[in-house]
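Novice: mmCIF, C-alpha atoms, file final-v4.cif:
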data_input
loop_
_atom_site.group_PDB
_atom_site.id
_atom_site.type_symbol
_atom_site.label_atom_id
_atom_site.label_comp_id
_atom_site.auth_asym_id
_atom_site.auth_seq_id
_atom_site.Cartn_x
_atom_site.Cartn_y
_atom_site.Cartn_z
ATOM 1 C CA MET A 511 93.789 122.124 118.014
ATOM 2 C CA SER A 512 94.464 123.736 114.663
ATOM 3 C CA LEU A 513 96.461 122.317 111.801
ATOM 4 C CA SER A 514 98.124 124.373 109.144
ATOM 5 C CA PRO A 515 98.188 123.250 105.497
ATOM 6 C CA GLN A 516 101.968 122.861 105.759
ATOM 7 C CA GLU A 517 101.584 120.367 108.618
ATOM 8 C CA ILE A 518 99.047 118.353 106.638
ATOM 9 C CA LEU A 519 101.299 118.271 103.564
ATOM 10 C CA ALA A 520 104.249 117.266 105.725
ATOM 11 C CA ALA A 521 102.206 114.400 107.201
ATOM 12 C CA LEU A 522 101.206 113.219 103.712
ATOM 13 C CA GLY A 523 104.799 113.296 102.457
ATOM 14 C CA PRO A 524 107.107 110.279 102.428
ATOM 15 C CA ARG A 525 108.887 109.299 105.606
ATOM 16 C CA SER A 526 112.147 107.390 106.067
ATOM 17 C CA GLY A 527 113.044 103.867 107.134
ATOM 18 C CA THR A 528 110.373 101.174 107.325
ATOM 19 C CA ALA A 529 107.698 103.857 107.126
ATOM 20 C CA LEU A 530 108.860 104.669 103.574
ATOM 21 C CA ILE A 531 107.892 101.154 102.470
ATOM 22 C CA TYR A 532 104.477 101.609 104.084
ATOM 23 C CA ASP A 533 104.105 104.981 102.361
ATOM 24 C CA ILE A 534 104.875 103.573 98.918
ATOM 25 C CA PHE A 535 102.239 100.870 99.386
ATOM 26 C CA LEU A 536 99.693 103.419 100.608
ATOM 27 C CA TYR A 537 100.376 105.789 97.693
ATOM 28 C CA ILE A 538 99.883 102.978 95.174
ATOM 29 C CA ILE A 539 96.715 101.743 96.925
ATOM 30 C CA PHE A 540 95.327 105.297 96.947
ATOM 31 C CA ILE A 541 96.069 105.894 93.258
ATOM 32 C CA LEU A 542 94.589 102.550 92.190
ATOM 33 C CA ALA A 543 91.472 103.179 94.286
ATOM 34 C CA VAL A 544 90.906 106.632 92.816
ATOM 35 C CA VAL A 545 91.435 105.439 89.238
ATOM 36 C CA ALA A 546 89.123 102.438 89.770
ATOM 37 C CA MET A 547 86.560 104.741 91.391
ATOM 38 C CA PHE A 548 86.437 106.963 88.318
ATOM 39 C CA MET A 549 86.208 103.941 86.016
ATOM 40 C CA GLN A 550 82.847 102.907 87.491
ATOM 41 C CA SER A 551 79.730 103.701 85.491
ATOM 42 C CA ASP A 552 77.196 106.304 86.600
ATOM 43 C CA LYS A 553 74.714 103.601 87.563
ATOM 44 C CA GLN A 554 77.162 101.845 89.877
ATOM 45 C CA THR A 555 77.158 104.023 92.986
ATOM 46 C CA VAL A 556 77.981 101.291 95.511
ATOM 47 C CA PRO A 557 81.327 100.282 93.917
ATOM 48 C CA THR A 558 82.166 103.965 93.437
ATOM 49 C CA ILE A 559 81.513 104.757 97.102
ATOM 50 C CA LEU A 560 83.426 101.664 98.245
ATOM 51 C CA MET A 561 86.488 102.606 96.203
ATOM 52 C CA GLY A 562 86.272 106.142 97.590
ATOM 53 C CA LEU A 563 86.224 104.570 101.050
ATOM 54 C CA VAL A 564 89.396 102.628 100.212
ATOM 55 C CA ALA A 565 91.096 105.871 99.143
ATOM 56 C CA ALA A 566 89.959 107.545 102.387
ATOM 57 C CA LEU A 567 91.224 104.599 104.443
ATOM 58 C CA ALA A 568 94.621 104.870 102.725
ATOM 59 C CA VAL A 569 94.814 108.563 103.666
ATOM 60 C CA ILE A 570 93.779 107.801 107.261
ATOM 61 C CA ALA A 571 96.431 105.072 107.469
ATOM 62 C CA LYS A 572 99.040 107.437 106.019
ATOM 63 C CA LEU A 573 98.244 110.184 108.530
ATOM 64 C CA ASP A 574 98.746 107.772 111.478
ATOM 65 C CA ILE A 575 95.608 109.026 113.198
ATOM 66 C CA LEU A 576 95.365 105.813 115.213
ATOM 67 C CA PRO A 577 98.294 104.136 116.992
ATOM 68 C CA PRO A 578 99.605 101.011 115.190
ATOM 69 C CA LYS A 579 98.560 98.656 117.999
ATOM 70 C CA ASP A 580 95.022 100.039 118.173
ATOM 71 C CA PHE A 581 92.125 97.856 116.969
ATOM 72 C CA GLY A 582 90.956 100.649 114.671
ATOM 73 C CA SER A 583 94.267 100.492 112.811
ATOM 74 C CA LEU A 584 93.674 96.796 112.178
ATOM 75 C CA VAL A 585 90.161 97.543 110.880
ATOM 76 C CA ILE A 586 91.483 100.264 108.534
ATOM 77 C CA ASN A 587 94.138 97.964 107.089
ATOM 78 C CA ALA A 588 91.719 95.042 106.732
ATOM 79 C CA GLY A 589 89.211 97.332 105.007
ATOM 80 C CA MET A 590 91.815 98.397 102.445
ATOM 81 C CA PHE A 591 92.453 94.692 101.816
ATOM 82 C CA VAL A 592 88.891 93.371 101.596
ATOM 83 C CA ILE A 593 86.879 96.188 99.994
ATOM 84 C CA PRO A 594 88.674 96.216 96.600
ATOM 85 C CA LEU A 595 88.131 92.470 96.319
ATOM 86 C CA ILE A 596 84.424 92.939 97.049
ATOM 87 C CA VAL A 597 84.250 95.663 94.404
ATOM 88 C CA THR A 598 85.887 93.275 91.929
ATOM 89 C CA GLY A 599 82.976 90.917 92.361
ATOM 90 C CA ILE A 600 80.120 93.432 92.239
ATOM 91 C CA THR A 601 81.247 95.892 89.578
ATOM 92 C CA LYS A 602 79.897 95.922 86.056
ATOM 93 C CA ALA A 603 82.871 97.949 84.796
ATOM 94 C CA LYS A 604 84.993 95.006 83.670
ATOM 95 C CA LYS A 605 87.946 97.224 82.757
ATOM 96 C CA SER A 606 88.329 98.271 86.398
ATOM 97 C CA GLN A 607 88.576 94.710 87.712
ATOM 98 C CA PRO A 608 92.336 94.317 87.146
ATOM 99 C CA LEU A 609 92.945 97.540 89.075
ATOM 100 C CA THR A 610 90.773 96.451 91.979
ATOM 101 C CA ILE A 611 92.439 93.030 92.091
ATOM 102 C CA ILE A 612 95.926 94.561 92.045
ATOM 103 C CA GLY A 613 94.889 97.110 94.685
ATOM 104 C CA GLY A 614 93.410 94.371 96.872
ATOM 105 C CA VAL A 615 96.512 92.193 96.584
ATOM 106 C CA LEU A 616 98.842 95.114 97.347
ATOM 107 C CA ALA A 617 96.648 96.087 100.296
ATOM 108 C CA GLY A 618 96.804 92.479 101.492
ATOM 109 C CA ILE A 619 100.593 92.534 101.337
ATOM 110 C CA TYR A 620 100.582 95.865 103.195
ATOM 111 C CA PHE A 621 98.106 94.525 105.767
ATOM 112 C CA PHE A 622 100.176 91.452 106.635
ATOM 113 C CA MET A 623 103.491 93.327 106.501
ATOM 114 C CA PHE A 624 102.155 96.039 108.827
ATOM 115 C CA TRP A 625 100.698 93.407 111.132
ATOM 116 C CA VAL A 626 103.960 91.451 111.397
ATOM 117 C CA ILE A 627 106.256 94.453 111.764
ATOM 118 C CA SER A 628 104.252 97.116 113.604
ATOM 119 C CA GLN A 629 101.241 95.539 115.318
ATOM 120 C CA ARG A 630 102.645 92.430 116.918
ATOM 121 C CA SER A 631 104.840 92.832 119.959
#
Kindly present the structure from the file in structure tokens form.

Specialist:
Amino acid sequence: MSLSPQEILAALGPRSGTALIYDIFLYIIFILAVVAMFMQSDKQTVPTILMGLVAALAVIAKLDILPPKDFGSLVINAGMFVIPLIVTGITKAKKSQPLTIIGGVLAGIYFFMFWVISQRS
């Protein structure tokens, strides 16, 4: 199975309907995670790696690699919700804490919205 760059860009682009709301949340979560990741100091590798993981989870959720009703999809969404809040508590970069809190809250809203609309039957 081979993917072309055009197919990948098309999958990362915004969709329509309810999926557009999901996409907006995922774009914001990704941007906040990347910015908070770069705000960490050089001596703080664990928060940096965790915020990189949040950005990767947002991309995985956006690409719809796993079906919505799959357990892995629940784990991805819960990880985007919990990890920024953990980073808020362990980081020494105090200026990144508002971003991680906002990212965690938005991911929590996304998590529960996705669960109610797409995962429950």

Novice: Residues within 12 Å of Asp574 (chain A), please, as a ChimeraX atom specification. Count only C-alpha atoms; anything in the same chain fewer than 4 positions from it doesn't count.

Specialist: /A:518,521-522,525,529,532-533,536,567-570,578-580,582-583,586-587

Novice: Include C-alpha atoms and write out the residues we just selected as an mmCIF file, in the frame of the given file.

Specialist:
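Wrote it out as part-v1.cif, contents follow:
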data_model
loop_
_atom_site.group_PDB
_atom_site.id
_atom_site.type_symbol
_atom_site.label_atom_id
_atom_site.label_comp_id
_atom_site.auth_asym_id
_atom_site.auth_seq_id
_atom_site.Cartn_x
_atom_site.Cartn_y
_atom_site.Cartn_z
ATOM 1 C CA ILE A 518 99.047 118.353 106.638
ATOM 2 C CA ALA A 521 102.206 114.400 107.201
ATOM 3 C CA LEU A 522 101.206 113.219 103.712
ATOM 4 C CA ARG A 525 108.887 109.299 105.606
ATOM 5 C CA ALA A 529 107.698 103.857 107.126
ATOM 6 C CA TYR A 532 104.477 101.609 104.084
ATOM 7 C CA ASP A 533 104.105 104.981 102.361
ATOM 8 C CA LEU A 536 99.693 103.419 100.608
ATOM 9 C CA LEU A 567 91.224 104.599 104.443
ATOM 10 C CA ALA A 568 94.621 104.870 102.725
ATOM 11 C CA VAL A 569 94.814 108.563 103.666
ATOM 12 C CA ILE A 570 93.779 107.801 107.261
ATOM 13 C CA PRO A 578 99.605 101.011 115.190
ATOM 14 C CA LYS A 579 98.560 98.656 117.999
ATOM 15 C CA ASP A 580 95.022 100.039 118.173
ATOM 16 C CA GLY A 582 90.956 100.649 114.671
ATOM 17 C CA SER A 583 94.267 100.492 112.811
ATOM 18 C CA ILE A 586 91.483 100.264 108.534
ATOM 19 C CA ASN A 587 94.138 97.964 107.089
#

Novice: Nearest to Ile619 (chain A): which of A:Met590, A:Val556, A:Ile575, A:Val544 is it, counting all atoms listed in the file?

Specialist: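 Ranking A:Met590, A:Val556, A:Ile575, A:Val544 by distance to Ile619 (chain A), first place goes to A:Met590.
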
Novice: My list of candidates is A:Ile539, A:Gly613, A:Val545, A:Thr528. Which is closest to Ser628 (chain A) when distances are computed with only C-alpha atoms?

Specialist: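 Nearest candidate to Ser628 (chain A) out of A:Ile539, A:Gly613, A:Val545, A:Thr528: A:Thr528.
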
Novice: Measuring between all atoms listed in the file, which one of A:Ala588, A:Ile534, A:Ile593, A:Ala603 shows the shortest distance to Gly562 (chain A)?

Specialist: A:Ile593

Novice: Report the distance between CA of Ser606 (chain A) and CA of Met547 (chain A) in Å, rounded to one decimal place.

Specialist: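 Computing it gives 8.4 Å between the two atoms.
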
Novice: Just to confirm, what's the straight-line distance from CA of Leu519 (chain A) to CA of Lys572 (chain A) in Å (one decimal)?

Specialist: 11.3 Å

Novice: I need the residue set behind the PyMOL selection byres ((chain A and resi 615) around 12) for this file; please write it as JSON, numbers by chain.

Specialist: {"A": [535, 538, 539, 542, 588, 590, 591, 592, 593, 594, 595, 598, 608, 609, 610, 611, 612, 613, 614, 616, 617, 618, 619, 620, 621, 622]}

Novice: May I ask for the distance between CA of Pro557 (chain A) and CA of Pro524 (chain A), given in Å to one decimal place?

Specialist: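 Interatomic distance here is 28.9 Å.
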
Novice: Which residue, A:Gly589, A:Thr601, A:Gly523, A:Pro577, has the smallest gap to Thr558 (chain A) when you use only C-alpha atoms?

Specialist: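 Closest to Thr558 (chain A), using only C-alpha atoms: A:Thr601.
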
Novice: Find the residues with any atom within 8 Å of (77.0, 100.5, 80.8); use only C-alpha atoms and the coordinates as given in the file, and write the answer as a VMD selection string.

Specialist: chain A and resid 551 553 602 to 603

Novice: Pick out the closest residue to Tyr537 (chain A) from this set: A:Leu513, A:Ile559, A:Ile600, A:Ala571. Count only C-alpha atoms.

Specialist: A:Ala571

Novice: Here is a test: counting only C-alpha atoms, which residue of A:Ile596, A:Val585, A:Ala543, A:Ala520 is nearest to Val564 (chain A)?

Specialist: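 The closest residue to Val564 (chain A) is A:Ala543.
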